[in-house]
$ cat run.txt   # compact mmCIF, C-alpha atoms and all ligand atoms
# COMPACT_ATOMS: atom_id res chain seq x y z
CA MET A 1 -37.17 14.92 6.32
CA LYS A 2 -35.10 12.78 8.57
CA GLY A 3 -34.02 9.32 7.51
CA PRO A 4 -34.94 6.27 9.52
CA ILE A 5 -31.32 5.76 10.44
CA GLN A 6 -30.95 9.11 12.05
CA ASN A 7 -34.25 8.77 13.92
CA ARG A 8 -33.41 5.41 15.32
CA ALA A 9 -29.85 6.37 16.08
CA GLN A 10 -31.11 9.33 18.04
CA ARG A 11 -33.63 7.35 20.00
CA HIS A 12 -31.77 4.18 20.78
CA GLY A 13 -28.21 4.52 19.68
CA LEU A 14 -27.19 2.45 16.71
CA SER A 15 -28.94 -0.78 15.98
CA ARG A 16 -27.00 -3.87 15.08
CA ARG A 17 -27.90 -3.48 11.44
CA GLU A 18 -26.55 0.02 11.44
CA PHE A 19 -23.47 -1.18 13.20
CA LEU A 20 -22.99 -3.72 10.44
CA TRP A 21 -23.08 -1.23 7.64
CA LEU A 22 -21.00 1.28 9.53
CA THR A 23 -18.30 -1.30 10.02
CA SER A 24 -18.59 -3.03 6.69
CA ALA A 25 -15.15 -3.24 5.22
CA THR A 26 -14.88 -1.07 2.15
CA SER A 27 -11.34 -2.19 1.78
CA ALA A 28 -9.38 -2.35 -1.35
CA GLY A 29 -10.67 -2.28 -4.80
CA MET A 30 -9.13 -1.63 -8.07
CA LEU A 31 -9.07 -1.46 -11.59
CA ALA A 32 -7.55 -1.78 -14.33
CA GLY A 33 -5.57 -4.49 -26.05
CA CYS A 34 -3.94 -7.61 -26.15
CA ALA A 35 -0.55 -8.44 -24.74
CA VAL A 36 1.77 -11.39 -24.92
CA ASN A 37 1.48 -13.51 -21.81
CA PRO A 38 4.87 -13.68 -20.08
CA VAL A 39 4.34 -17.36 -19.26
CA THR A 40 2.84 -18.86 -22.38
CA GLY A 41 4.09 -16.41 -25.00
CA GLN A 42 0.52 -16.47 -26.36
CA ARG A 43 -1.50 -13.35 -26.95
CA GLN A 44 -3.89 -12.56 -24.12
CA LEU A 45 -6.69 -10.05 -23.73
CA MET A 46 -5.02 -7.29 -21.76
CA LEU A 47 -6.32 -3.81 -21.09
CA MET A 48 -4.00 -3.21 -18.16
CA SER A 49 -0.38 -2.26 -18.62
CA GLU A 50 2.30 -3.55 -16.29
CA GLY A 51 2.51 -0.05 -14.84
CA GLN A 52 -1.20 -0.17 -14.07
CA GLU A 53 -0.86 -3.56 -12.42
CA ILE A 54 1.84 -2.16 -10.16
CA GLU A 55 -0.12 1.02 -9.46
CA ALA A 56 -3.30 -0.91 -8.60
CA ASP A 57 -1.28 -3.12 -6.29
CA ARG A 58 0.36 -0.14 -4.59
CA GLN A 59 -3.01 1.53 -4.03
CA TYR A 60 -5.08 -1.40 -2.89
CA ALA A 61 -2.85 -3.99 -1.25
CA PRO A 62 -2.35 -1.92 1.96
CA HIS A 63 -6.13 -1.85 2.47
CA GLN A 64 -6.39 -5.61 2.22
CA PHE A 65 -3.43 -6.08 4.57
CA SER A 66 -5.20 -3.85 7.08
CA SER A 67 -8.48 -5.66 6.73
CA ASP A 68 -6.41 -8.76 7.58
CA LEU A 69 -5.41 -6.94 10.79
CA GLY A 70 -2.07 -5.68 9.59
CA VAL A 71 1.30 -7.12 8.78
CA ALA A 72 2.39 -9.46 11.57
CA GLN A 73 4.78 -7.66 13.94
CA ASP A 74 7.28 -10.53 13.70
CA ALA A 75 10.14 -9.10 11.60
CA GLY A 76 11.98 -12.42 11.56
CA LEU A 77 8.97 -14.23 10.15
CA ASN A 78 8.46 -11.64 7.41
CA ARG A 79 12.15 -11.77 6.51
CA TYR A 80 11.92 -15.53 6.24
CA LEU A 81 8.91 -15.36 3.91
CA SER A 82 10.78 -12.81 1.79
CA ASP A 83 13.84 -15.06 1.57
CA VAL A 84 11.80 -18.05 0.42
CA GLY A 85 9.74 -15.86 -1.93
CA GLU A 86 12.82 -14.38 -3.51
CA LYS A 87 14.27 -17.79 -4.31
CA LEU A 88 11.10 -18.45 -6.29
CA THR A 89 10.75 -15.10 -8.06
CA THR A 90 14.33 -15.20 -9.36
CA VAL A 91 13.46 -18.37 -11.31
CA SER A 92 10.01 -17.09 -12.38
CA HIS A 93 8.81 -15.67 -15.72
CA ARG A 94 8.57 -12.12 -14.44
CA THR A 95 11.63 -11.40 -12.35
CA GLU A 96 11.30 -7.62 -12.73
CA MET A 97 8.07 -7.25 -10.73
CA PRO A 98 8.32 -5.52 -7.31
CA TYR A 99 7.45 -8.63 -5.30
CA SER A 100 6.99 -8.54 -1.56
CA PHE A 101 6.05 -11.26 0.90
CA ARG A 102 4.53 -10.85 4.33
CA ALA A 103 2.49 -12.55 7.01
CA VAL A 104 -0.73 -10.82 8.04
CA ASN A 105 -2.25 -11.16 11.50
CA ALA A 106 -5.54 -12.72 10.35
CA VAL A 107 -6.10 -16.21 11.71
CA TYR A 108 -8.30 -17.70 9.01
CA VAL A 109 -6.55 -19.76 6.34
CA ASN A 110 -5.67 -17.77 3.23
CA ALA A 111 -2.97 -16.50 0.89
CA TYR A 112 -3.30 -14.03 -1.96
CA ALA A 113 -1.43 -12.01 -4.53
CA PHE A 114 -2.03 -8.53 -5.89
CA PRO A 115 -1.17 -7.98 -9.56
CA GLY A 116 2.09 -6.11 -8.91
CA GLY A 117 3.48 -8.92 -6.78
CA SER A 118 2.41 -8.06 -3.22
CA ILE A 119 1.81 -11.46 -1.70
CA ALA A 120 0.42 -12.19 1.75
CA THR A 121 -0.17 -15.29 3.83
CA THR A 122 -2.27 -15.36 6.98
CA ARG A 123 -1.00 -16.67 10.29
CA GLY A 124 -3.68 -19.34 9.96
CA ILE A 125 -2.17 -20.94 6.89
CA LEU A 126 1.40 -20.59 8.17
CA LEU A 127 0.37 -22.53 11.23
CA ALA A 128 -1.22 -25.25 9.10
CA ILE A 129 1.70 -26.02 6.81
CA GLU A 130 4.69 -27.94 8.10
CA ASN A 131 7.76 -27.46 5.96
CA GLU A 132 9.48 -25.00 3.70
CA ALA A 133 8.63 -26.94 0.54
CA GLU A 134 4.92 -26.53 1.34
CA LEU A 135 5.51 -22.83 1.91
CA ALA A 136 7.35 -22.65 -1.43
CA ALA A 137 4.38 -24.38 -3.08
CA LEU A 138 2.00 -21.84 -1.56
CA LEU A 139 4.10 -18.82 -2.51
CA GLY A 140 4.95 -20.34 -5.91
CA HIS A 141 1.24 -20.74 -6.67
CA GLU A 142 0.59 -17.09 -5.79
CA ILE A 143 3.61 -15.97 -7.84
CA GLY A 144 2.11 -17.99 -10.71
CA HIS A 145 -1.03 -15.83 -10.59
CA VAL A 146 1.22 -12.75 -10.91
CA THR A 147 3.46 -14.07 -13.68
CA ALA A 148 0.53 -15.33 -15.76
CA ARG A 149 -1.21 -11.98 -15.16
CA HIS A 150 -4.46 -13.64 -14.05
CA THR A 151 -5.87 -10.64 -12.19
CA ALA A 152 -5.11 -8.25 -15.01
CA GLU A 153 -6.64 -10.62 -17.52
CA ARG A 154 -9.78 -11.05 -15.44
CA MET A 155 -10.09 -7.29 -15.02
CA SER A 156 -9.66 -6.84 -18.76
CA LYS A 157 -12.41 -9.34 -19.53
CA ALA A 158 -14.70 -7.71 -16.99
CA MET A 159 -14.07 -4.33 -18.56
CA LEU A 160 -14.74 -5.66 -22.01
CA LEU A 161 -17.93 -7.45 -21.09
CA ASN A 162 -18.89 -4.78 -18.60
CA VAL A 163 -20.30 -7.50 -16.41
CA ALA A 164 -18.70 -6.57 -13.13
CA VAL A 165 -21.09 -4.74 -10.86
CA GLY A 166 -20.00 -1.17 -10.51
CA LEU A 167 -17.29 -1.40 -13.09
CA GLY A 168 -19.27 0.39 -15.77
CA SER A 169 -20.41 3.12 -13.45
CA MET A 170 -16.91 3.49 -12.14
CA LEU A 171 -15.59 4.17 -15.59
CA VAL A 172 -18.41 6.62 -16.24
CA SER A 173 -17.94 8.39 -12.95
CA GLN A 174 -14.21 8.36 -13.10
CA LYS A 175 -12.81 11.68 -11.98
CA SER A 176 -9.19 10.73 -11.93
CA GLU A 177 -6.84 12.92 -13.88
CA THR A 178 -4.55 10.04 -14.67
CA ALA A 179 -4.74 9.16 -18.30
CA GLY A 180 -4.99 5.48 -17.62
CA LEU A 181 -7.84 3.39 -16.44
CA VAL A 182 -6.73 3.21 -12.84
CA THR A 183 -8.96 5.50 -10.87
CA ALA A 184 -8.00 7.65 -7.95
CA GLY A 185 -10.99 6.48 -5.97
CA VAL A 186 -11.00 3.37 -3.85
CA GLY A 187 -13.95 1.35 -2.80
CA MET A 188 -16.14 1.40 -5.86
CA ILE A 189 -15.24 -2.11 -6.71
CA GLY A 190 -13.74 -3.56 -3.59
CA SER A 191 -10.98 -6.06 -3.20
CA THR A 192 -13.64 -8.67 -3.81
CA LEU A 193 -13.18 -8.10 -7.50
CA LEU A 194 -9.43 -7.61 -7.43
CA LEU A 195 -9.06 -10.78 -5.38
CA ALA A 196 -12.11 -12.41 -6.88
CA LYS A 197 -12.31 -16.05 -7.68
CA TYR A 198 -9.77 -17.36 -10.11
CA SER A 199 -11.02 -19.73 -12.77
CA ARG A 200 -10.22 -23.42 -12.67
CA ASP A 201 -7.87 -22.87 -15.60
CA ASP A 202 -6.10 -20.13 -13.65
CA GLU A 203 -5.73 -22.46 -10.68
CA ARG A 204 -4.38 -25.25 -12.85
CA GLN A 205 -1.86 -22.90 -14.40
CA ALA A 206 -0.83 -21.39 -11.04
CA ASP A 207 -0.31 -24.90 -9.62
CA ALA A 208 1.85 -25.87 -12.58
CA LEU A 209 3.88 -22.66 -12.34
CA GLY A 210 4.22 -22.97 -8.58
CA MET A 211 5.61 -26.46 -8.97
CA GLU A 212 7.98 -25.39 -11.71
CA TYR A 213 9.33 -22.50 -9.63
CA MET A 214 9.68 -24.48 -6.42
CA VAL A 215 11.61 -27.27 -8.09
CA LYS A 216 13.88 -24.78 -9.88
CA ALA A 217 14.47 -23.12 -6.52
CA GLY A 218 15.57 -26.46 -5.07
CA TYR A 219 12.53 -27.77 -3.18
CA THR A 220 11.01 -31.20 -3.46
CA PRO A 221 7.83 -31.16 -5.58
CA GLU A 222 6.23 -33.24 -2.81
CA GLY A 223 5.68 -29.86 -1.11
CA MET A 224 2.83 -29.16 -3.52
CA VAL A 225 1.16 -32.45 -2.68
CA GLY A 226 1.71 -31.72 1.02
CA LEU A 227 0.10 -28.30 0.64
CA MET A 228 -2.92 -29.76 -1.15
CA ASN A 229 -3.26 -32.35 1.60
CA VAL A 230 -3.17 -29.67 4.29
CA LEU A 231 -5.91 -27.73 2.49
CA ARG A 232 -8.01 -30.84 1.92
CA SER A 233 -7.85 -31.92 5.55
CA LEU A 234 -8.62 -28.40 6.79
CA SER A 235 -11.65 -28.18 4.55
CA SER A 236 -13.05 -31.36 6.03
CA HIS A 237 -12.56 -30.55 9.71
CA SER A 238 -12.69 -26.74 9.72
CA PRO A 239 -14.59 -25.58 6.64
CA GLY A 240 -15.36 -22.12 8.05
CA ALA A 241 -11.71 -21.24 8.57
CA ILE A 242 -10.77 -22.02 5.00
CA GLU A 243 -13.79 -20.60 3.18
CA MET A 244 -11.97 -17.47 2.03
CA MET A 245 -9.08 -19.42 0.60
CA PHE A 246 -11.40 -21.58 -1.46
CA ALA A 247 -13.50 -18.60 -2.45
CA SER A 248 -10.56 -17.20 -4.37
CA HIS A 249 -8.62 -20.40 -5.12
CA PRO A 250 -11.15 -23.14 -5.91
CA MET A 251 -9.87 -26.47 -4.61
CA SER A 252 -10.65 -29.73 -6.28
CA GLU A 253 -9.74 -33.37 -6.19
CA GLU A 254 -8.37 -32.85 -9.68
CA ARG A 255 -5.81 -30.31 -8.45
CA TYR A 256 -4.56 -32.80 -5.90
CA GLN A 257 -4.40 -35.68 -8.39
CA THR A 258 -2.59 -33.52 -10.93
CA ALA A 259 0.04 -32.61 -8.33
CA VAL A 260 0.51 -36.27 -7.42
CA ASN A 261 0.85 -37.26 -11.06
CA ARG A 262 3.33 -34.52 -11.80
CA VAL A 263 5.51 -35.49 -8.86
CA ASN A 264 5.71 -38.99 -10.27
CA THR A 265 6.24 -38.03 -13.91
CA VAL A 266 7.65 -34.62 -14.86
CA TYR A 267 9.39 -34.13 -11.53
CA GLY A 268 10.15 -37.77 -10.74
CA ASP A 269 13.86 -37.03 -10.55
CA ASN A 270 13.40 -34.15 -8.12
CA LYS A 271 11.63 -35.98 -5.33
CA SER A 272 14.77 -36.23 -3.25
CA LEU A 273 15.20 -32.45 -3.04
CA PRO A 274 14.89 -31.15 0.55
CA GLU A 275 11.60 -30.25 2.22
CA GLY A 276 13.22 -27.98 4.82
CA ARG A 277 11.11 -29.04 7.76
CA GLU A 278 13.46 -27.89 10.52
CA ARG A 279 14.09 -24.53 8.93
CA TYR A 280 10.36 -23.97 8.67
CA MET A 281 9.75 -24.98 12.28
CA ASP A 282 12.54 -22.68 13.50
CA HIS A 283 11.26 -19.64 11.66
CA THR A 284 7.63 -20.13 12.64
CA ALA A 285 8.36 -20.98 16.28
CA GLY A 286 6.79 -17.68 17.43
CA LEU A 287 3.50 -18.68 15.84
CA ARG A 288 3.63 -22.21 17.16
CA ARG A 289 4.18 -20.96 20.70
CA ILE A 290 0.67 -19.46 20.61
CA ARG A 291 -0.92 -22.20 18.54
CA THR A 292 -3.76 -22.89 20.96
CA ALA A 293 -4.52 -19.16 21.18
CA ILE A 294 -4.66 -18.86 17.39
CA GLU A 295 -6.87 -21.93 17.17
CA ALA A 296 -9.20 -20.45 19.79
CA MET A 297 -9.35 -17.24 17.73
CA GLN A 298 -10.19 -19.26 14.61
CA LYS A 299 -13.02 -21.01 16.40
CA GLY A 300 -14.14 -17.72 17.96
CA GLN A 301 -14.27 -16.06 14.57
CA GLU A 302 -16.35 -18.90 13.19
CA ALA A 303 -18.69 -18.73 16.20
CA MET A 304 -19.01 -14.98 15.71
CA ALA A 305 -19.89 -15.46 12.05
CA ARG A 306 -22.67 -17.81 13.15
CA LYS A 307 -23.77 -15.20 15.70
CA LYS A 308 -22.98 -17.54 18.61
CA TYR A 309 -21.66 -14.60 20.57
CA ALA A 310 -21.37 -16.26 23.99
CA ASP A 311 -19.26 -19.08 22.51
CA ALA A 312 -17.14 -16.56 20.64
CA GLU A 313 -16.60 -14.57 23.81
CA SER A 314 -15.34 -17.52 25.80
CA LEU A 315 -13.02 -18.54 22.95
CA PHE A 316 -11.58 -15.03 22.57
CA THR A 317 -11.18 -14.81 26.34
CA GLN A 318 -9.26 -18.08 26.27
CA ALA A 319 -7.08 -16.78 23.41
CA LEU A 320 -6.34 -13.50 25.20
CA THR A 321 -5.50 -15.28 28.41
CA GLU A 322 -2.78 -17.13 26.57
CA ALA A 323 -1.72 -14.27 24.29
CA PRO A 324 -2.85 -11.06 26.01
CA ASP A 325 -1.09 -8.73 23.57
CA ASP A 326 -2.32 -10.35 20.39
CA TYR A 327 -3.53 -7.55 18.12
CA ALA A 328 -5.90 -9.74 16.11
CA GLY A 329 -7.40 -11.22 19.29
CA LEU A 330 -7.94 -7.76 20.77
CA VAL A 331 -9.52 -6.32 17.62
CA MET A 332 -11.82 -9.29 17.16
CA MET A 333 -12.85 -9.13 20.82
CA ALA A 334 -13.60 -5.41 20.41
CA HIS A 335 -15.84 -6.21 17.42
CA LEU A 336 -17.57 -8.93 19.38
CA GLN A 337 -18.24 -6.72 22.41
CA ILE A 338 -19.89 -4.10 20.22
CA ALA A 339 -21.95 -6.75 18.47
CA MET A 340 -23.05 -7.90 21.94
CA ASP A 341 -24.18 -4.35 22.75
CA LYS A 342 -21.27 -3.81 25.13
CA PRO A 343 -19.57 -0.85 23.46
CA LYS A 344 -17.81 0.25 26.63
CA ALA A 345 -16.04 -3.09 26.88
CA GLY A 346 -15.37 -2.96 23.14
CA GLU A 347 -13.76 0.43 23.56
CA GLY A 348 -11.41 -1.01 26.19
CA PHE A 349 -10.22 -3.85 23.93
CA ALA A 350 -9.82 -1.44 21.00
CA GLU A 351 -7.74 0.86 23.18
CA LYS A 352 -5.46 -1.99 24.22
CA ALA A 353 -5.13 -3.04 20.57
CA ARG A 354 -4.12 0.51 19.67
CA GLN A 355 -1.40 0.44 22.32
CA VAL A 356 -0.12 -2.87 21.00
CA TYR A 357 0.00 -1.73 17.35
CA PRO A 358 -0.45 2.05 17.08
CA ASP A 359 0.23 2.23 13.32
CA GLU A 360 -2.43 -0.27 12.33
CA ALA A 361 -5.77 1.17 11.23
CA GLN A 362 -8.31 -1.39 12.45
CA ALA A 363 -7.88 -0.62 16.17
CA HIS A 364 -8.61 3.03 15.39
CA HIS A 365 -11.56 1.97 13.25
CA ILE A 366 -13.22 -0.30 15.80
CA GLY A 367 -12.33 2.05 18.66
CA GLY A 368 -14.08 4.84 16.76
CA ILE A 369 -17.15 2.67 16.22
CA ALA A 370 -17.25 1.81 19.94
CA LYS A 371 -17.19 5.53 20.75
CA LEU A 372 -19.74 6.36 18.05
CA VAL A 373 -22.20 3.83 19.43
CA GLN A 374 -21.84 5.56 22.81
CA LYS A 375 -22.39 8.91 21.09
CA LYS A 376 -18.91 10.10 22.00
CA TYR A 377 -18.78 11.83 18.64
CA ALA A 378 -15.73 14.04 19.13
CA ALA A 379 -13.61 11.15 20.40
CA ALA A 380 -14.92 8.93 17.59
CA PHE A 381 -13.94 11.56 15.05
CA GLU A 382 -10.36 11.52 16.34
CA ARG A 383 -10.10 7.79 15.86
CA PHE A 384 -11.54 7.90 12.32
CA ASP A 385 -9.21 10.76 11.49
CA ALA A 386 -6.23 8.63 12.58
CA TYR A 387 -7.68 5.72 10.59
CA GLU A 388 -7.79 7.89 7.47
CA ARG A 389 -4.24 9.16 7.99
CA ILE A 390 -2.97 5.60 8.26
CA LEU A 391 -4.95 4.32 5.27
CA PRO A 392 -5.45 7.24 2.89
CA GLY A 393 -7.71 6.34 -0.01
CA ASP A 394 -10.10 4.20 2.01
CA PRO A 395 -13.47 5.97 1.79
CA ASN A 396 -14.86 4.28 4.91
CA PRO A 397 -13.22 6.61 7.48
CA ILE A 398 -14.32 9.59 5.41
CA PHE A 399 -17.94 8.55 5.79
CA LEU A 400 -17.45 7.84 9.49
CA LYS A 401 -15.85 11.25 10.02
CA GLY A 402 -18.90 12.81 8.36
CA TYR A 403 -21.19 10.75 10.56
CA SER A 404 -19.30 11.87 13.68
CA GLN A 405 -19.47 15.50 12.59
CA GLU A 406 -23.18 15.07 11.99
CA GLY A 407 -23.50 13.70 15.52
CA MET A 408 -21.81 16.84 16.82
CA GLN A 409 -24.26 18.95 14.79
CA HIS A 410 -21.35 20.30 12.75
CA ARG A 411 -23.28 20.51 9.52
CA PRO A 412 -20.74 22.21 7.20
CA GLU A 413 -17.97 19.86 8.37
CA ALA A 414 -20.22 16.85 7.98
CA ALA A 415 -21.24 18.04 4.51
CA ARG A 416 -17.60 18.37 3.52
CA GLU A 417 -16.83 14.76 4.54
CA TYR A 418 -19.99 13.40 2.90
CA THR A 419 -19.13 15.25 -0.31
CA ARG A 420 -15.65 13.82 -0.21
CA TYR A 421 -17.11 10.36 0.40
CA LEU A 422 -19.43 10.63 -2.60
CA GLN A 423 -16.49 11.58 -4.79
CA ASN A 424 -15.18 8.08 -4.09
CA VAL A 425 -18.27 5.94 -3.68
CA ASP A 426 -21.64 6.43 -5.30
CA GLN A 427 -23.66 3.43 -4.24
CA GLY A 428 -24.53 1.57 -1.07
CA GLN A 429 -26.17 2.52 2.18
CA GLN A 430 -23.44 4.91 3.25
CA ALA A 431 -23.59 6.75 -0.07
CA ASP A 432 -27.39 6.91 0.20
CA HIS A 433 -27.13 8.33 3.69
CA ALA A 434 -24.54 10.93 2.64
CA ARG A 435 -26.60 11.93 -0.40
CA GLN A 436 -29.78 12.18 1.65
CA ARG A 437 -28.15 14.51 4.19
CA LEU A 438 -26.55 16.67 1.52
CA THR A 439 -29.92 16.96 -0.17
CA GLU A 440 -31.76 17.83 3.07
CA TRP A 441 -29.14 20.40 3.90
CA GLY A 442 -29.35 21.99 0.46
CA TYR A 443 -25.86 21.06 -0.74
CA ILE A 444 -27.20 19.08 -3.66
CA GLN A 445 -30.42 19.57 -5.61
CA GLN A 446 -31.96 16.16 -6.05
CA GLU A 447 -31.39 12.59 -5.05
CA THR A 448 -31.20 11.25 -8.57
CA PRO A 449 -27.82 9.69 -9.16
CA ALA A 450 -27.34 11.65 -12.41
CA THR A 451 -26.92 14.95 -10.58
CA THR A 452 -24.37 13.64 -8.16
CA ARG A 453 -21.93 12.22 -10.62
ZN ZN A 501 -4.94 -19.64 -6.84
$ encode --input "run.txt" --output "structure tokens"
Amino acid sequence: MKGPIQNRAQRHGLSRREFLWLTSATSAGMLAGCAVNPVTGQRQLMLMSEGQEIEADRQYAPHQFSSDLGVAQDAGLNRYLSDVGEKLTTVSHRTEMPYSFRAVNAVYVNAYAFPGGSIATTRGILLAIENEAELAALLGHEIGHVTARHTAERMSKAMLLNVAVGLGSMLVSQKSETAGLVTAGVGMIGSTLLLAKYSRDDERQADALGMEYMVKAGYTPEGMVGLMNVLRSLSSHSPGAIEMMFASHPMSEERYQTAVNRVNTVYGDNKSLPEGRERYMDHTAGLRRIRTAIEAMQKGQEAMARKKYADAESLFTQALTEAPDDYAGLVMMAHLQIAMDKPKAGEGFAEKARQVYPDEAQAHHIGGIAKLVQKKYAAAFERFDAYERILPGDPNPIFLKGYSQEGMQHRPEAAREYTRYLQNVDQGQQADHARQRLTEWGYIQQETPATTR
């Protein structure tokens, strides 16, 4: 029995819906007694050890950085972020963590921290803030999530309550040989849980810690108020661009008011500390030079999300006219072309993106999809194979390699990839497809989940 996907794919090529699930980002996921919180000294529900926090970070952060279109290729900018970040971590409650700071190519407004201390800011937010004190507030807030162990605590609660979708089944289906709770498989949970929404209490605490660290590091506390103002004004005139930031870090009037009050009370004597505007402008000059291109990409991405493809296309064209070698612009344009049923054009943009940034996975990914849609299965396989080499542990290329092998009628090879995929992921459309094929081909007995675990 052939599945509807295969039938339709054979007749018409891939439909848009199929394209969507083939390209759906399966990036980054993770897992994770009581422990004493390094910040408060109070006991805290904690099922993750510090070693597990670092291991989860090491495994999953690279996938999130890639889904944000890779670390920005501006070494000076990354060095600058590291310098500012280091000033803050040395005065933090957890100086021993392996912190790192980087800009990622994504243009939407966001910043995030993984539990081991890998912290990223998008180009979008770096373009929005205007001085080093605001940057210190942003990084200080993220460091606060690490020092107060918010992610690890949330994971521990989820494990205890077994409320997180997939978490229970992941523990049941865990095949990892590591003694701990961190699994070898990626993708069961998704970065959505690792980077899931912090509670209001977490946000309050991260704001307070961020302010404490930035002042100790010598920045005016006004930077926190400035940062909150930037976020507030963005959310009123460009809500789409900032959605992700607020999805993980809920913003409220209360957060702003608290920052204002603290500047005038606790930190009243520190207001005259420097804001470092010129230093910030100097180090982000490369971004500012292509400001209008980045803004066009932001608008294009929002238009694409609303399925206004023609608008998105003219905005991306405008962006690429100004910044023809921009990796993010090229990858987004490739996505758009495929969504507009122009896979040949998509392939061209993906190819250019690959030349611009050969070590970044997404150009290989979208290039492979463009080829797959055109039924160039062997060439697609090559791209997905490169994608997997660059980002080992991401199950998505494994599935796509299986799908390409299936397209070439290489049944044993396809079965091997699908089997490998199911060792990492056991639910979702891709898993269903893999299981269905393996069942049809006689590699597994039944479709009931119990026999495949
Ligand atoms: Zn936050």
$ atom_distance --input "run.txt" --atom1 "CA of Leu330 in chain A" --atom2 "CA of Phe316 in chain A"
8.3 Å
$ atom_distance --input "run.txt" --atom1 "CA of Lys375 in chain A" --atom2 "CA of Gln409 in chain A"
12.0 Å
$ residues_near_ligand --input "run.txt" --ligand "ligand ZN 501 (chain A)" --cutoff "12 Å" --atoms "all atoms listed in the file" --output "mmCIF file with C-alpha atoms, in the coordinates of the input"
data_model
loop_
_atom_site.group_PDB
_atom_site.id
_atom_site.type_symbol
_atom_site.label_atom_id
_atom_site.label_comp_id
_atom_site.auth_asym_id
_atom_site.auth_seq_id
_atom_site.Cartn_x
_atom_site.Cartn_y
_atom_site.Cartn_z
ATOM 1 C CA ASN A 110 -5.670 -17.770 3.230
ATOM 2 C CA ALA A 111 -2.970 -16.500 0.890
ATOM 3 C CA TYR A 112 -3.300 -14.030 -1.960
ATOM 4 C CA ALA A 113 -1.430 -12.010 -4.530
ATOM 5 C CA PHE A 114 -2.030 -8.530 -5.890
ATOM 6 C CA ILE A 119 1.810 -11.460 -1.700
ATOM 7 C CA ALA A 137 4.380 -24.380 -3.080
ATOM 8 C CA LEU A 138 2.000 -21.840 -1.560
ATOM 9 C CA LEU A 139 4.100 -18.820 -2.510
ATOM 10 C CA GLY A 140 4.950 -20.340 -5.910
ATOM 11 C CA HIS A 141 1.240 -20.740 -6.670
ATOM 12 C CA GLU A 142 0.590 -17.090 -5.790
ATOM 13 C CA ILE A 143 3.610 -15.970 -7.840
ATOM 14 C CA GLY A 144 2.110 -17.990 -10.710
ATOM 15 C CA HIS A 145 -1.030 -15.830 -10.590
ATOM 16 C CA VAL A 146 1.220 -12.750 -10.910
ATOM 17 C CA ALA A 148 0.530 -15.330 -15.760
ATOM 18 C CA ARG A 149 -1.210 -11.980 -15.160
ATOM 19 C CA HIS A 150 -4.460 -13.640 -14.050
ATOM 20 C CA THR A 151 -5.870 -10.640 -12.190
ATOM 21 C CA LEU A 195 -9.060 -10.780 -5.380
ATOM 22 C CA ALA A 196 -12.110 -12.410 -6.880
ATOM 23 C CA LYS A 197 -12.310 -16.050 -7.680
ATOM 24 C CA TYR A 198 -9.770 -17.360 -10.110
ATOM 25 C CA SER A 199 -11.020 -19.730 -12.770
ATOM 26 C CA ARG A 200 -10.220 -23.420 -12.670
ATOM 27 C CA ASP A 201 -7.870 -22.870 -15.600
ATOM 28 C CA ASP A 202 -6.100 -20.130 -13.650
ATOM 29 C CA GLU A 203 -5.730 -22.460 -10.680
ATOM 30 C CA ARG A 204 -4.380 -25.250 -12.850
ATOM 31 C CA GLN A 205 -1.860 -22.900 -14.400
ATOM 32 C CA ALA A 206 -0.830 -21.390 -11.040
ATOM 33 C CA ASP A 207 -0.310 -24.900 -9.620
ATOM 34 C CA ALA A 208 1.850 -25.870 -12.580
ATOM 35 C CA LEU A 209 3.880 -22.660 -12.340
ATOM 36 C CA GLY A 210 4.220 -22.970 -8.580
ATOM 37 C CA MET A 228 -2.920 -29.760 -1.150
ATOM 38 C CA MET A 244 -11.970 -17.470 2.030
ATOM 39 C CA MET A 245 -9.080 -19.420 0.600
ATOM 40 C CA PHE A 246 -11.400 -21.580 -1.460
ATOM 41 C CA ALA A 247 -13.500 -18.600 -2.450
ATOM 42 C CA SER A 248 -10.560 -17.200 -4.370
ATOM 43 C CA HIS A 249 -8.620 -20.400 -5.120
ATOM 44 C CA PRO A 250 -11.150 -23.140 -5.910
ATOM 45 C CA MET A 251 -9.870 -26.470 -4.610
ATOM 46 C CA SER A 252 -10.650 -29.730 -6.280
ATOM 47 C CA ARG A 255 -5.810 -30.310 -8.450
#
$ residues_around --input "run.txt" --residues "Gln374 in chain A" --least-positions-apart "4" --cutoff "10 Å" --atoms "only C-alpha atoms" --output "ChimeraX atom specification"
/A:13-14,342-344,347,368-370,380
$ residues_around --input "run.txt" --residues "range 98-103 of chain A" --least-positions-apart "3" --cutoff "9 Å" --atoms "only C-alpha atoms" --output "ChimeraX atom specification"
/A:54,70-74,77-86,89,95,106,116-123,126,139,143
$ atom_distance --input "run.txt" --atom1 "CA of Ile444 in chain A" --atom2 "CA of Pro397 in chain A"
21.8 Å
$ closest_residue --input "run.txt" --among "A:Asp394, A:Met408, A:Phe399, A:Leu315" --to "Lys376 in chain A" --atoms "only C-alpha atoms"
A:Met408
$ residues_near_point --input "run.txt" --point "(2.5, -21.9, 18.8)" --cutoff "12 Å" --atoms "only C-alpha atoms" --output "ChimeraX atom specification"
/A:123-124,126-128,281-296,319,322-323
$ closest_residue --input "run.txt" --among "A:Lys87, A:Arg94, A:His335, A:Lys157" --to "Pro115 in chain A" --atoms "all atoms listed in the file"
A:Arg94
$ closest_residue --input "run.txt" --among "A:Met46, A:Met332, A:His63, A:Ala353" --to "Gly393 in chain A" --atoms "only C-alpha atoms"
A:His63
$ axis_aligned_box --input "run.txt" --around "range 233-252 of chain A" --padding-each-side "4 Å" --output "lines of an AutoDock Vina configuration file"
center_x = -11.6
center_y = -24.6
center_z = 1.7
size_x = 15.5
size_y = 22.7
size_z = 24.0
